[in-house]
Each structure stands twice: as structure tokens, then as C-alpha cells.
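Dumped final01.cif below, it's mmCIF, C-alpha atoms and all ligand atoms; chains and numbers go by the auth columns:
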data_query
loop_
_atom_site.group_PDB
_atom_site.id
_atom_site.type_symbol
_atom_site.label_atom_id
_atom_site.label_comp_id
_atom_site.label_asym_id
_atom_site.label_seq_id
_atom_site.Cartn_x
_atom_site.Cartn_y
_atom_site.Cartn_z
_atom_site.B_iso_or_equiv
_atom_site.auth_seq_id
_atom_site.auth_asym_id
ATOM 1 C CA MET A 1 23.938 -27.517 -1.143 0.00 193 V
ATOM 2 C CA ASN A 2 20.481 -28.872 -1.961 0.00 194 V
ATOM 3 C CA ALA A 3 17.201 -26.979 -1.741 0.00 195 V
ATOM 4 C CA GLU A 4 16.214 -28.682 1.477 0.00 196 V
ATOM 5 C CA ASN A 5 19.381 -27.511 3.255 0.00 197 V
ATOM 6 C CA ILE A 6 18.950 -23.988 1.968 0.00 198 V
ATOM 7 C CA LEU A 7 15.350 -23.854 3.197 0.00 199 V
ATOM 8 C CA GLN A 8 16.493 -25.236 6.544 0.00 200 V
ATOM 9 C CA GLN A 9 18.983 -22.375 6.897 0.00 201 V
ATOM 10 C CA ALA A 10 16.315 -19.850 6.022 0.00 202 V
ATOM 11 C CA GLU A 11 13.997 -21.361 8.613 0.00 203 V
ATOM 12 C CA THR A 12 16.622 -20.987 11.327 0.00 204 V
ATOM 13 C CA PHE A 13 17.287 -17.375 10.318 0.00 205 V
ATOM 14 C CA VAL A 14 13.577 -16.498 10.356 0.00 206 V
ATOM 15 C CA LYS A 15 12.914 -18.147 13.710 0.00 207 V
ATOM 16 C CA THR A 16 15.681 -16.079 15.280 0.00 208 V
ATOM 17 C CA SER A 17 14.606 -12.854 13.583 0.00 209 V
ATOM 18 C CA LEU A 18 10.966 -13.170 14.630 0.00 210 V
ATOM 19 C CA GLU A 19 11.606 -14.022 18.268 0.00 211 V
ATOM 20 C CA GLY A 20 9.131 -12.072 20.410 0.00 212 V
ATOM 21 C CA ALA A 21 7.115 -10.822 17.422 0.00 213 V
ATOM 22 C CA GLU A 22 3.448 -9.895 17.843 0.00 214 V
ATOM 23 C CA SER A 23 1.459 -13.119 17.544 0.00 215 V
ATOM 24 C CA GLY A 24 -0.228 -12.265 14.235 0.00 216 V
ATOM 25 C CA HIS A 25 3.183 -12.005 12.609 0.00 217 V
ATOM 26 C CA ASP A 26 5.172 -14.556 14.540 0.00 218 V
ATOM 27 C CA TRP A 27 6.981 -17.715 13.456 0.00 219 V
ATOM 28 C CA TRP A 28 3.692 -19.666 13.451 0.00 220 V
ATOM 29 C CA HIS A 29 2.237 -17.327 10.831 0.00 221 V
ATOM 30 C CA ILE A 30 5.306 -18.027 8.701 0.00 222 V
ATOM 31 C CA ALA A 31 5.061 -21.768 9.336 0.00 223 V
ATOM 32 C CA ARG A 32 1.405 -21.802 8.184 0.00 224 V
ATOM 33 C CA VAL A 33 2.096 -19.729 5.081 0.00 225 V
ATOM 34 C CA TYR A 34 5.088 -21.925 4.272 0.00 226 V
ATOM 35 C CA GLN A 35 3.063 -25.118 4.620 0.00 227 V
ATOM 36 C CA THR A 36 0.175 -23.857 2.467 0.00 228 V
ATOM 37 C CA ALA A 37 2.513 -22.384 -0.142 0.00 229 V
ATOM 38 C CA MET A 38 4.555 -25.595 -0.444 0.00 230 V
ATOM 39 C CA GLN A 39 1.365 -27.650 -0.866 0.00 231 V
ATOM 40 C CA MET A 40 0.206 -25.296 -3.595 0.00 232 V
ATOM 41 C CA ALA A 41 3.659 -25.370 -5.229 0.00 233 V
ATOM 42 C CA ASP A 42 3.374 -29.153 -5.351 0.00 234 V
ATOM 43 C CA GLU A 43 -0.090 -29.007 -6.904 0.00 235 V
ATOM 44 C CA MET A 44 0.992 -26.446 -9.492 0.00 236 V
ATOM 45 C CA HIS A 45 4.525 -27.704 -10.172 0.00 237 V
ATOM 46 C CA ALA A 46 6.107 -24.401 -9.187 0.00 238 V
ATOM 47 C CA ASP A 47 9.740 -23.816 -8.198 0.00 239 V
ATOM 48 C CA LYS A 48 9.760 -24.900 -4.564 0.00 240 V
ATOM 49 C CA LEU A 49 13.029 -23.198 -3.659 0.00 241 V
ATOM 50 C CA ILE A 50 11.674 -19.805 -4.732 0.00 242 V
ATOM 51 C CA VAL A 51 8.269 -20.408 -3.137 0.00 243 V
ATOM 52 C CA GLY A 52 9.844 -21.713 0.060 0.00 244 V
ATOM 53 C CA LEU A 53 12.348 -18.876 0.473 0.00 245 V
ATOM 54 C CA ALA A 54 9.769 -16.179 -0.295 0.00 246 V
ATOM 55 C CA ALA A 55 7.233 -17.712 2.097 0.00 247 V
ATOM 56 C CA LEU A 56 9.793 -18.048 4.897 0.00 248 V
ATOM 57 C CA LEU A 57 11.259 -14.559 4.519 0.00 249 V
ATOM 58 C CA HIS A 58 8.192 -12.525 3.510 0.00 250 V
ATOM 59 C CA ASP A 59 7.562 -10.794 6.838 0.00 251 V
ATOM 60 C CA ILE A 60 11.144 -10.092 7.887 0.00 252 V
ATOM 61 C CA GLY A 61 11.565 -6.433 8.658 0.00 253 V
ATOM 62 C CA ASP A 62 7.944 -5.471 7.889 0.00 254 V
ATOM 63 C CA SER A 63 8.006 -1.662 7.751 0.00 255 V
ATOM 64 C CA LYS A 64 5.120 -1.568 10.258 0.00 256 V
ATOM 65 C CA PHE A 65 7.621 -2.746 12.862 0.00 257 V
ATOM 66 C CA ASN A 66 10.543 -0.636 11.640 0.00 258 V
ATOM 67 C CA GLY A 67 9.163 2.821 12.182 0.00 259 V
ATOM 68 C CA GLY A 68 7.863 2.808 8.610 0.00 260 V
ATOM 69 C CA ASP A 69 11.268 2.152 7.051 0.00 261 V
ATOM 70 C CA GLU A 70 10.362 0.366 3.803 0.00 262 V
ATOM 71 C CA LEU A 71 13.975 -0.448 2.941 0.00 263 V
ATOM 72 C CA ALA A 72 15.056 -2.133 6.169 0.00 264 V
ATOM 73 C CA GLY A 73 13.362 -5.455 5.364 0.00 265 V
ATOM 74 C CA PRO A 74 14.588 -5.893 1.791 0.00 266 V
ATOM 75 C CA LYS A 75 18.118 -4.949 2.900 0.00 267 V
ATOM 76 C CA ALA A 76 18.188 -7.533 5.667 0.00 268 V
ATOM 77 C CA ILE A 77 16.723 -10.193 3.396 0.00 269 V
ATOM 78 C CA ARG A 78 19.212 -9.486 0.605 0.00 270 V
ATOM 79 C CA SER A 79 22.138 -9.733 3.028 0.00 271 V
ATOM 80 C CA PHE A 80 20.838 -13.041 4.284 0.00 272 V
ATOM 81 C CA LEU A 81 20.168 -14.460 0.797 0.00 273 V
ATOM 82 C CA GLN A 82 23.705 -13.549 -0.209 0.00 274 V
ATOM 83 C CA THR A 83 25.014 -15.928 2.453 0.00 275 V
ATOM 84 C CA LEU A 84 23.198 -18.836 0.755 0.00 276 V
ATOM 85 C CA GLN A 85 24.475 -20.782 -2.207 0.00 277 V
ATOM 86 C CA ILE A 86 21.735 -19.810 -4.628 0.00 278 V
ATOM 87 C CA GLU A 87 21.777 -18.401 -8.133 0.00 279 V
ATOM 88 C CA ALA A 88 21.593 -14.637 -8.559 0.00 280 V
ATOM 89 C CA SER A 89 18.382 -14.993 -10.560 0.00 281 V
ATOM 90 C CA THR A 90 16.750 -16.976 -7.740 0.00 282 V
ATOM 91 C CA LEU A 91 17.777 -14.297 -5.260 0.00 283 V
ATOM 92 C CA GLU A 92 16.217 -11.541 -7.400 0.00 284 V
ATOM 93 C CA LYS A 93 12.998 -13.508 -7.932 0.00 285 V
ATOM 94 C CA VAL A 94 12.595 -14.118 -4.204 0.00 286 V
ATOM 95 C CA LEU A 95 13.242 -10.466 -3.352 0.00 287 V
ATOM 96 C CA PHE A 96 10.810 -9.261 -6.001 0.00 288 V
ATOM 97 C CA ILE A 97 8.035 -11.389 -4.526 0.00 289 V
ATOM 98 C CA ILE A 98 8.684 -10.206 -0.982 0.00 290 V
ATOM 99 C CA GLU A 99 8.895 -6.539 -1.904 0.00 291 V
ATOM 100 C CA ASN A 100 5.685 -6.515 -3.904 0.00 292 V
ATOM 101 C CA MET A 101 3.288 -9.047 -2.444 0.00 293 V
ATOM 102 C CA SER A 102 1.886 -7.264 0.613 0.00 294 V
ATOM 103 C CA PHE A 103 -1.670 -5.957 0.774 0.00 295 V
ATOM 104 C CA ARG A 104 -0.313 -2.408 1.071 0.00 296 V
ATOM 105 C CA HIS A 105 1.659 -2.727 -2.138 0.00 297 V
ATOM 106 C CA SER A 106 -1.216 -4.356 -3.980 0.00 298 V
ATOM 107 C CA PHE A 107 -2.888 -0.927 -4.273 0.00 299 V
ATOM 108 C CA HIS A 108 -0.522 0.064 -7.023 0.00 300 V
ATOM 109 C CA PHE A 109 1.278 -3.023 -8.184 0.00 301 V
ATOM 110 C CA GLU A 110 1.350 -3.219 -11.948 0.00 302 V
ATOM 111 C CA GLY A 111 4.203 -5.647 -12.535 0.00 303 V
ATOM 112 C CA GLN A 112 4.141 -9.195 -13.808 0.00 304 V
ATOM 113 C CA LYS A 113 3.447 -11.910 -11.225 0.00 305 V
ATOM 114 C CA SER A 114 5.302 -15.207 -11.593 0.00 306 V
ATOM 115 C CA LEU A 115 3.527 -18.442 -10.608 0.00 307 V
ATOM 116 C CA GLU A 116 5.674 -18.469 -7.459 0.00 308 V
ATOM 117 C CA PHE A 117 4.595 -14.890 -6.650 0.00 309 V
ATOM 118 C CA CYS A 118 0.927 -15.859 -7.065 0.00 310 V
ATOM 119 C CA ILE A 119 1.293 -18.839 -4.758 0.00 311 V
ATOM 120 C CA VAL A 120 3.057 -17.080 -1.882 0.00 312 V
ATOM 121 C CA GLN A 121 0.686 -14.110 -2.034 0.00 313 V
ATOM 122 C CA ASP A 122 -2.348 -16.432 -1.962 0.00 314 V
ATOM 123 C CA ALA A 123 -0.930 -18.419 0.942 0.00 315 V
ATOM 124 C CA ASP A 124 -0.251 -15.228 2.944 0.00 316 V
ATOM 125 C CA ARG A 125 -3.753 -13.924 2.246 0.00 317 V
ATOM 126 C CA LEU A 126 -5.361 -17.240 3.188 0.00 318 V
ATOM 127 C CA ASP A 127 -3.746 -16.914 6.623 0.00 319 V
ATOM 128 C CA ALA A 128 -5.615 -13.607 7.092 0.00 320 V
ATOM 129 C CA MET A 129 -8.939 -15.418 6.510 0.00 321 V
ATOM 130 C CA GLY A 130 -11.033 -17.997 8.350 0.00 322 V
ATOM 131 C CA ALA A 131 -10.686 -18.825 12.037 0.00 323 V
ATOM 132 C CA ILE A 132 -6.981 -18.028 12.047 0.00 324 V
ATOM 133 C CA GLY A 133 -7.609 -14.761 10.228 0.00 325 V
ATOM 134 C CA ILE A 134 -10.170 -13.783 12.870 0.00 326 V
ATOM 135 C CA ALA A 135 -7.740 -14.635 15.660 0.00 327 V
ATOM 136 C CA ARG A 136 -4.979 -12.638 13.981 0.00 328 V
ATOM 137 C CA ALA A 137 -7.158 -9.578 13.461 0.00 329 V
ATOM 138 C CA PHE A 138 -8.180 -9.362 17.122 0.00 330 V
ATOM 139 C CA SER A 139 -4.649 -10.102 18.222 0.00 331 V
ATOM 140 C CA TYR A 140 -3.333 -7.263 16.055 0.00 332 V
ATOM 141 C CA GLY A 141 -6.073 -4.882 17.247 0.00 333 V
ATOM 142 C CA GLY A 142 -5.228 -5.712 20.863 0.00 334 V
ATOM 143 C CA TYR A 143 -1.548 -5.190 20.207 0.00 335 V
ATOM 144 C CA LYS A 144 -2.423 -1.749 18.808 0.00 336 V
ATOM 145 C CA GLY A 145 -4.700 -1.034 21.785 0.00 337 V
ATOM 146 C CA ARG A 146 -7.778 -0.587 19.620 0.00 338 V
ATOM 147 C CA PRO A 147 -11.411 -1.226 20.558 0.00 339 V
ATOM 148 C CA PHE A 148 -12.814 -4.211 18.700 0.00 340 V
ATOM 149 C CA TYR A 149 -16.197 -2.596 18.143 0.00 341 V
ATOM 150 C CA ASP A 150 -17.499 0.993 18.064 0.00 342 V
ATOM 151 C CA PRO A 151 -20.784 1.703 16.273 0.00 343 V
ATOM 152 C CA ALA A 152 -19.848 5.403 16.028 0.00 344 V
ATOM 153 C CA ILE A 153 -17.075 4.537 13.561 0.00 345 V
ATOM 154 C CA PRO A 154 -18.490 2.840 10.461 0.00 346 V
ATOM 155 C CA PRO A 155 -16.237 0.758 8.219 0.00 347 V
ATOM 156 C CA HIS A 156 -14.929 2.284 5.112 0.00 348 V
ATOM 157 C CA ILE A 157 -13.203 0.614 2.207 0.00 349 V
ATOM 158 C CA PRO A 158 -9.785 2.188 1.651 0.00 350 V
ATOM 159 C CA GLY A 159 -8.941 3.187 -1.877 0.00 351 V
ATOM 160 C CA ASP A 160 -5.239 3.717 -1.345 0.00 352 V
ATOM 161 C CA LYS A 161 -2.311 2.537 0.695 0.00 353 V
ATOM 162 C CA GLU A 162 -2.034 5.670 2.878 0.00 354 V
ATOM 163 C CA THR A 163 -5.646 5.480 4.095 0.00 355 V
ATOM 164 C CA TYR A 164 -5.292 1.758 4.773 0.00 356 V
ATOM 165 C CA GLN A 165 -2.086 2.201 6.764 0.00 357 V
ATOM 166 C CA LYS A 166 -3.419 5.167 8.738 0.00 358 V
ATOM 167 C CA SER A 167 -6.632 3.427 9.747 0.00 359 V
ATOM 168 C CA THR A 168 -7.078 3.276 13.533 0.00 360 V
ATOM 169 C CA ALA A 169 -10.596 1.961 13.235 0.00 361 V
ATOM 170 C CA PRO A 170 -12.040 -0.753 15.499 0.00 362 V
ATOM 171 C CA THR A 171 -10.977 -4.272 14.608 0.00 363 V
ATOM 172 C CA ILE A 172 -14.436 -5.342 13.401 0.00 364 V
ATOM 173 C CA ASN A 173 -14.084 -2.744 10.619 0.00 365 V
ATOM 174 C CA HIS A 174 -10.990 -4.544 9.374 0.00 366 V
ATOM 175 C CA PHE A 175 -13.254 -7.307 8.066 0.00 367 V
ATOM 176 C CA TYR A 176 -14.861 -4.835 5.652 0.00 368 V
ATOM 177 C CA GLU A 177 -11.659 -2.949 4.917 0.00 369 V
ATOM 178 C CA LYS A 178 -9.643 -6.033 4.041 0.00 370 V
ATOM 179 C CA LEU A 179 -10.588 -9.525 5.141 0.00 371 V
ATOM 180 C CA LEU A 180 -13.842 -9.922 3.198 0.00 372 V
ATOM 181 C CA LEU A 181 -12.176 -8.564 0.064 0.00 373 V
ATOM 182 C CA LEU A 182 -9.489 -11.232 -0.019 0.00 374 V
ATOM 183 C CA LYS A 183 -11.460 -14.066 -1.611 0.00 375 V
ATOM 184 C CA ASP A 184 -11.810 -12.078 -4.829 0.00 376 V
ATOM 185 C CA GLN A 185 -8.113 -11.265 -4.874 0.00 377 V
ATOM 186 C CA MET A 186 -6.853 -14.837 -5.048 0.00 378 V
ATOM 187 C CA ASN A 187 -4.442 -15.373 -7.930 0.00 379 V
ATOM 188 C CA THR A 188 -4.707 -19.125 -8.384 0.00 380 V
ATOM 189 C CA GLU A 189 -7.476 -21.704 -8.622 0.00 381 V
ATOM 190 C CA ALA A 190 -5.946 -23.572 -5.694 0.00 382 V
ATOM 191 C CA GLY A 191 -6.099 -20.338 -3.680 0.00 383 V
ATOM 192 C CA LYS A 192 -9.697 -19.599 -4.688 0.00 384 V
ATOM 193 C CA LYS A 193 -10.763 -23.056 -3.634 0.00 385 V
ATOM 194 C CA ARG A 194 -9.183 -22.697 -0.203 0.00 386 V
ATOM 195 C CA ALA A 195 -10.517 -19.141 0.224 0.00 387 V
ATOM 196 C CA GLN A 196 -14.195 -20.000 -0.249 0.00 388 V
ATOM 197 C CA GLN A 197 -14.604 -21.955 2.930 0.00 389 V
ATOM 198 C CA ARG A 198 -12.615 -19.469 4.998 0.00 390 V
ATOM 199 C CA HIS A 199 -14.680 -16.596 3.642 0.00 391 V
ATOM 200 C CA ALA A 200 -17.944 -18.337 4.517 0.00 392 V
ATOM 201 C CA TYR A 201 -16.642 -18.937 8.036 0.00 393 V
ATOM 202 C CA MET A 202 -15.943 -15.210 8.524 0.00 394 V
ATOM 203 C CA LEU A 203 -19.451 -14.319 7.325 0.00 395 V
ATOM 204 C CA ASN A 204 -20.899 -16.728 9.892 0.00 396 V
ATOM 205 C CA PHE A 205 -18.763 -15.170 12.570 0.00 397 V
ATOM 206 C CA LEU A 206 -19.979 -11.664 11.704 0.00 398 V
ATOM 207 C CA GLU A 207 -23.592 -12.783 11.637 0.00 399 V
ATOM 208 C CA GLN A 208 -23.282 -14.289 15.100 0.00 400 V
ATOM 209 C CA PHE A 209 -21.387 -11.201 16.320 0.00 401 V
ATOM 210 C CA TYR A 210 -24.235 -8.859 15.328 0.00 402 V
ATOM 211 C CA GLN A 211 -26.840 -11.222 16.666 0.00 403 V
ATOM 212 C CA GLU A 212 -25.170 -11.181 20.066 0.00 404 V
ATOM 213 C CA LEU A 213 -25.017 -7.379 20.012 0.00 405 V
ATOM 214 C CA LYS A 214 -28.778 -7.331 19.741 0.00 406 V
ATOM 215 C CA GLY A 215 -28.897 -9.517 22.850 0.00 407 V
HETATM 216 P P1 LIG B . 0.444 -7.435 4.904 0.00 501 V
HETATM 217 O O1 LIG B . 1.661 -7.076 5.705 0.00 501 V
HETATM 218 O O2 LIG B . 0.368 -8.879 4.498 0.00 501 V
HETATM 219 O O3 LIG B . 0.146 -6.499 3.809 0.00 501 V
HETATM 220 P P2 LIG B . -0.803 -6.895 7.327 0.00 501 V
HETATM 221 O O4 LIG B . 0.560 -7.003 7.911 0.00 501 V
HETATM 222 O O5 LIG B . -1.505 -5.596 7.307 0.00 501 V
HETATM 223 O O6 LIG B . -0.783 -7.350 5.845 0.00 501 V
HETATM 224 O O7 LIG B . -1.691 -7.971 7.987 0.00 501 V
HETATM 225 C C1 LIG B . -1.168 -8.936 8.855 0.00 501 V
HETATM 226 C C2 LIG B . -2.210 -9.428 9.832 0.00 501 V
HETATM 227 O O8 LIG B . -2.629 -8.380 10.695 0.00 501 V
HETATM 228 C C3 LIG B . -3.452 -9.902 9.098 0.00 501 V
HETATM 229 O O9 LIG B . -4.012 -11.023 9.703 0.00 501 V
HETATM 230 C C4 LIG B . -4.336 -8.702 9.181 0.00 501 V
HETATM 231 O O10 LIG B . -5.678 -9.031 9.060 0.00 501 V
HETATM 232 C C5 LIG B . -3.993 -8.117 10.508 0.00 501 V
HETATM 233 N N1 LIG B . -4.248 -6.675 10.497 0.00 501 V
HETATM 234 C C6 LIG B . -3.662 -5.732 9.742 0.00 501 V
HETATM 235 N N2 LIG B . -4.217 -4.513 9.944 0.00 501 V
HETATM 236 C C7 LIG B . -5.181 -4.713 10.859 0.00 501 V
HETATM 237 C C8 LIG B . -6.137 -3.858 11.502 0.00 501 V
HETATM 238 N N3 LIG B . -6.199 -2.562 11.235 0.00 501 V
HETATM 239 N N4 LIG B . -6.976 -4.409 12.396 0.00 501 V
HETATM 240 C C9 LIG B . -6.929 -5.727 12.673 0.00 501 V
HETATM 241 N N5 LIG B . -6.065 -6.586 12.119 0.00 501 V
HETATM 242 C C10 LIG B . -5.207 -6.096 11.228 0.00 501 V
HETATM 243 NI NI NI B . 2.581 -12.567 6.218 0.00 502 V
#
Starting from the coordinates I provided, produce the structure as C-alpha cells.
Ligand code: ADP
Ligand code: NI
Amino acid sequence: MNAENILQQAETFVKTSLEGAESGHDWWHIARVYQTAMQMADEMHADKLIVGLAALLHDIGDSKFNGGDELAGPKAIRSFLQTLQIEASTLEKVLFIIENMSFRHSFHFEGQKSLEFCIVQDADRLDAMGAIGIARAFSYGGYKGRPFYDPAIPPHIPGDKETYQKSTAPTINHFYEKLLLLKDQMNTEAGKKRAQQRHAYMLNFLEQFYQELKG
């Protein structure tokens, strides 16, 4: 089976698994990350099967939606990958990327990042920035029933994974706790280039937001 067929199977699996997902984490998030990651893989001559599979499968069984079970996702992904005709080393590389690339894990990740890892992580982070990033943040906040603004709760930059995960702060704080930090966390030049414009757009948004608060 060629890479294209394998990626097609993964796409079908992901679409089914994410049916009814919250809109910040739905199939369209995956489709955007996949598209960006494959473009970057082209530019950087990376292994497109590994990039494609990791991008497609990266949000399956996110522990946030599994009552905090960190093992449910990797288990489901491994079972699925085992049904594909891919080499064992490809399977392990894809799983490693998925298990270690999230923002939560980045607080204490000390391993070695492959080029494919760098690309998929950048593509996922880019989708949390810019106009789409803004839309996703407010969508997620609404899904969690949070206020989007409360001057009594100032933003605070989390130093560890527990504080970040426990945060119930208003959505506007999320810009300071995560979104504005992303541009300096890009792994690749291609990612940095794409991040600049999205970062500037978020700053404009915040400026306008505070201007409107003043009336
Ligand atoms: P990852 O799983 O990639 O580590 P998340 O799942 O936390 O990151 O982020 C997915 C999307 O949900 C992003 O667009 C992110 O900005 C948004 N999001 C996560 N936490 C919050 C929050 N507390 N408030 C608003 N949006 C959030
Ligand atoms: Ni994602």
C-alpha cells in the first residue's frame, strides 16, 4: 500500500473518531494542521508519511476529553496504526510525536525532536494563533462555560503543566498564558515565518478589545 492510501485510511478513521467534537478540536482543526504540516514537509523535505500520520492522529483521545486519562489516546492510536501496513519504526516515530508534542507536555519535554516532530508541533501551534486561534480560544472558553473577560482575574503565566491545566481563568487571559508565547516556541524557520503575521494579528485584536472596553 502506498503512502497516499495509508493517509487516506487515517483520514477516514480520524473523521469518524472526532464526530461531534468541540469545534476547536474538530476535524477542521485536524484538516488545517494537516495541510500546513504537509506544506512545511514539502518545503523541508521531511518524511511525509510520518508528518501526515502524526498530524492526522495528534488529537485523538486528548486526555482533556477522556476524564484526564493520559493513556487512552496513545492506546487507541497504537491499535489503529497496527492495522496499517507501515514499518514498526514509522509507527514508533508517529506515536512519539503525538505523545510528546502538546503544549502541556512541552513544560518538561527534554527528548530529541525529529524534523517531523518539529513540523507537526509548529503546524498545531500555528492553528492556535491568528484569526483562527482567536476563534478557537473563544469557542473553547464557551464550551467550558467561562467568561471571556473579568478584570478581577489578572492573567498569569503558568510555570508548570498542573497550573496550566487547572486554569479556569477568563478566555482573554489565555492570550497571555499561551497564545502570545507561541511565536517564540516555533521549532522551524518555516514555522517562525508563518507565526509572525498571526502573532501581529492577535496583538491588533487585543488592542482593539481594550480600546472598546474604554468605550
Ligand atoms: P494542546 O492540546 O495542543 O496542548 P490545547 O488542547 O490546550 O493544546 O489547545 C487547543 C485549543 O484550545 C487551542 O486553540 C487553545 O488556544 C484552546 N484553549 C486551550 N485552553 C484554553 C483556555 N483555557 N481558554 C481558551 N482557549 C483554550
Ligand atoms: Ni491539535
Do you have, as CSV, the list of residues of chain V lying at most 6 Å from ligand LIG 501 (chain V), each with its nearest atom pair and that distance in Å to one decimal, counting all atoms listed in the file and ordered by chain then number?
residue,atom,partner,partner_atom,distance
V:Gly216,CA,V:LIG501,C2,5.6
V:Ser294,CA,V:LIG501,O3,3.7
V:Phe295,CA,V:LIG501,O3,3.6
V:Arg296,CA,V:LIG501,O3,4.9
V:Ala320,CA,V:LIG501,O9,4.0
V:Gly325,CA,V:LIG501,O9,5.2
V:Arg328,CA,V:LIG501,O9,4.7
V:Ala329,CA,V:LIG501,N5,3.5
V:Phe330,CA,V:LIG501,C9,5.9
V:Tyr332,CA,V:LIG501,N5,4.8
V:Gly333,CA,V:LIG501,C9,4.7
V:Thr363,CA,V:LIG501,N4,4.6
V:His366,CA,V:LIG501,N4,5.0
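Closest approach to ligand NI 502 (chain V) among V:Met193, V:Met232, V:Ile326, V:Met293 is made by V:Met293 (distances from all atoms listed in the file).
Here atom CA of V:Pro343 stands at a distance of 9.1 Å from atom CA of V:Pro362.
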Query - Pick from V:Leu241, V:Leu273, V:Ala195, V:Ile290 nearest to ligand NI 502 (chain V), counting all atoms listed in the file - result: V:Ile290
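Applied to the file shown here, the PyMOL selection byres (((not hetatm)) within 8 of (chain V and resi 502)) selects the residues V:His217, V:His221, V:Ile222, V:Val225, V:His250, V:Asp251, V:Ser294, V:Asp316, V:Arg317, V:Asp319.
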For stretch 373-398 of chain V, where the input has fewer atoms than it should, I would like N, CA and C atoms rebuilt and written as a JSON list (two decimals), keeping the file's coordinate frame.
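File rebuild.json, as written:
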[["chain", "number", "residue", "atom", "x", "y", "z"],
["V", 373, "LEU", "N", -12.53, -8.85, 1.46],
["V", 373, "LEU", "CA", -12.18, -8.56, 0.06],
["V", 373, "LEU", "C", -11.20, -9.60, -0.49],
["V", 374, "LEU", "N", -10.60, -10.38, 0.41],
["V", 374, "LEU", "CA", -9.49, -11.23, -0.02],
["V", 374, "LEU", "C", -9.89, -12.36, -0.97],
["V", 375, "LYS", "N", -11.10, -12.90, -0.77],
["V", 375, "LYS", "CA", -11.46, -14.07, -1.61],
["V", 375, "LYS", "C", -11.48, -13.71, -3.10],
["V", 376, "ASP", "N", -11.79, -12.47, -3.41],
["V", 376, "ASP", "CA", -11.81, -12.08, -4.83],
["V", 376, "ASP", "C", -10.45, -11.64, -5.34],
["V", 377, "GLN", "N", -9.46, -11.68, -4.45],
["V", 377, "GLN", "CA", -8.11, -11.26, -4.87],
["V", 377, "GLN", "C", -7.17, -12.44, -5.02],
["V", 378, "MET", "N", -7.71, -13.66, -4.90],
["V", 378, "MET", "CA", -6.85, -14.84, -5.05],
["V", 378, "MET", "C", -6.33, -14.92, -6.48],
["V", 379, "ASN", "N", -5.07, -15.28, -6.61],
["V", 379, "ASN", "CA", -4.44, -15.37, -7.93],
["V", 379, "ASN", "C", -4.69, -16.71, -8.61],
["V", 380, "THR", "N", -4.71, -17.78, -7.80],
["V", 380, "THR", "CA", -4.71, -19.12, -8.38],
["V", 380, "THR", "C", -6.00, -19.86, -8.07],
["V", 381, "GLU", "N", -6.29, -20.88, -8.87],
["V", 381, "GLU", "CA", -7.48, -21.70, -8.62],
["V", 381, "GLU", "C", -7.36, -22.40, -7.27],
["V", 382, "ALA", "N", -6.16, -22.89, -6.98],
["V", 382, "ALA", "CA", -5.95, -23.57, -5.69],
["V", 382, "ALA", "C", -6.22, -22.62, -4.53],
["V", 383, "GLY", "N", -5.85, -21.35, -4.71],
["V", 383, "GLY", "CA", -6.10, -20.34, -3.68],
["V", 383, "GLY", "C", -7.58, -20.04, -3.56],
["V", 384, "LYS", "N", -8.25, -19.89, -4.69],
["V", 384, "LYS", "CA", -9.70, -19.60, -4.69],
["V", 384, "LYS", "C", -10.46, -20.69, -3.96],
["V", 385, "LYS", "N", -10.07, -21.92, -4.24],
["V", 385, "LYS", "CA", -10.76, -23.06, -3.63],
["V", 385, "LYS", "C", -10.62, -22.99, -2.11],
["V", 386, "ARG", "N", -9.41, -22.75, -1.65],
["V", 386, "ARG", "CA", -9.18, -22.70, -0.20],
["V", 386, "ARG", "C", -9.85, -21.48, 0.43],
["V", 387, "ALA", "N", -9.97, -20.39, -0.33],
["V", 387, "ALA", "CA", -10.52, -19.14, 0.22],
["V", 387, "ALA", "C", -12.02, -19.23, 0.48],
["V", 388, "GLN", "N", -12.73, -19.96, -0.35],
["V", 388, "GLN", "CA", -14.20, -20.00, -0.25],
["V", 388, "GLN", "C", -14.69, -20.36, 1.14],
["V", 389, "GLN", "N", -14.14, -21.45, 1.65],
["V", 389, "GLN", "CA", -14.60, -21.96, 2.93],
["V", 389, "GLN", "C", -14.22, -20.99, 4.07],
["V", 390, "ARG", "N", -13.05, -20.41, 3.95],
["V", 390, "ARG", "CA", -12.62, -19.47, 5.00],
["V", 390, "ARG", "C", -13.45, -18.20, 4.98],
["V", 391, "HIS", "N", -13.83, -17.78, 3.79],
["V", 391, "HIS", "CA", -14.68, -16.60, 3.64],
["V", 391, "HIS", "C", -16.04, -16.86, 4.29],
["V", 392, "ALA", "N", -16.63, -18.00, 3.98],
["V", 392, "ALA", "CA", -17.94, -18.34, 4.52],
["V", 392, "ALA", "C", -17.89, -18.37, 6.05],
["V", 393, "TYR", "N", -16.79, -18.87, 6.58],
["V", 393, "TYR", "CA", -16.64, -18.94, 8.04],
["V", 393, "TYR", "C", -16.63, -17.53, 8.65],
["V", 394, "MET", "N", -15.98, -16.59, 8.00],
["V", 394, "MET", "CA", -15.94, -15.21, 8.52],
["V", 394, "MET", "C", -17.33, -14.58, 8.47],
["V", 395, "LEU", "N", -18.09, -14.86, 7.41],
["V", 395, "LEU", "CA", -19.45, -14.32, 7.32],
["V", 395, "LEU", "C", -20.31, -14.86, 8.47],
["V", 396, "ASN", "N", -20.16, -16.15, 8.76],
["V", 396, "ASN", "CA", -20.90, -16.73, 9.89],
["V", 396, "ASN", "C", -20.53, -16.05, 11.19],
["V", 397, "PHE", "N", -19.24, -15.83, 11.35],
["V", 397, "PHE", "CA", -18.76, -15.17, 12.57],
["V", 397, "PHE", "C", -19.41, -13.79, 12.72],
["V", 398, "LEU", "N", -19.42, -13.02, 11.64],
["V", 398, "LEU", "CA", -19.98, -11.66, 11.70],
["V", 398, "LEU", "C", -21.48, -11.71, 12.00]]
